[in-house]
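Student: After the structure tokens below, expect a handful of questions from me.
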Amino acid sequence: MGAAIGVVLGGTQALARSYFSLLIPTGKEAEYFSFYHAMERGTSWLGTLVFGIVYTVTDSYRPALFALIAFFVIGGAILTRVDTAKGIQQAQQASVPAGS
């Protein structure tokens, strides 16, 4: 199961960066990806913390795994509310002109 998750998460990471790049105004890539990187590193401990707390409280791995699954479900629910076409259009409108 760990190997399967590892394979899926690698692709998910690449897709997330690619998707995020669609929503960035041209000329502001460094700012946005710096923020993305800071948030990624700043929250990387959150899943481990929740897993540890749930395992400690319940003394079972099953609820701890369900707690992690909740992160994916919540993230997916939030992602369904993103209007990609509108985001791309707004990123294009906010792009910095070349040479500025």
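All residue names refer to the structure tokens as shown: chains lettered A, B, ... in order, residues numbered from 1 in each chain, ligands numbered from 1 in order.
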Hey, what's within 9 Å of range 46-62 of chain A if we count only C-alpha atoms and toss same-chain stuff fewer than 5 positions away? As a PyMOL selection string, please?
Tutor: chain A and resi 67-68+71
Student: So that I can see what lies close to range 84-91 of chain A, please list as a list in words the residues with an atom at most 8 Å from it, counting only C-alpha atoms and leaving out residues fewer than 2 positions away in the same chain.
Tutor: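 The residues that qualify are Leu22, Leu23, Ile24, Pro25, Thr26, Val82, Gln93, Ala94 and Ser95 of chain A.
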Student: Check chain A with DSSP on the backbone and list each residue it calls helix (DSSP H, G or I), as a VMD selection string.
Tutor: chain A and resid 2 to 22 29 to 43 46 to 58 61 to 80 84 to 93
Student: Write out as a count of residues only each polymer residue whose atoms come within 12 Å of range 5-13 of chain A, counting only C-alpha atoms; drop sequence neighbours fewer than 5 positions from it.
Tutor: 9
Student: Would you compute the distance between CA of Ala3 in chain A and CA of Leu79 in chain A? Give it in Å to one decimal.
Tutor: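 About the pair CA of Ala3 in chain A and CA of Leu79 in chain A: they are 25.1 Å apart.
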Student: Would you compute the distance between CA of Thr80 in chain A and CA of Val96 in chain A? Give it in Å to one decimal.
Tutor: 28.3 Å
Student: Figure out the distance between CA of Asp83 in chain A and CA of Pro97 in chain A, please, to one decimal in Å.
Tutor: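 Computing the Euclidean distance for CA of Pro97 in chain A and CA of Asp83 in chain A yields 24.3 Å.
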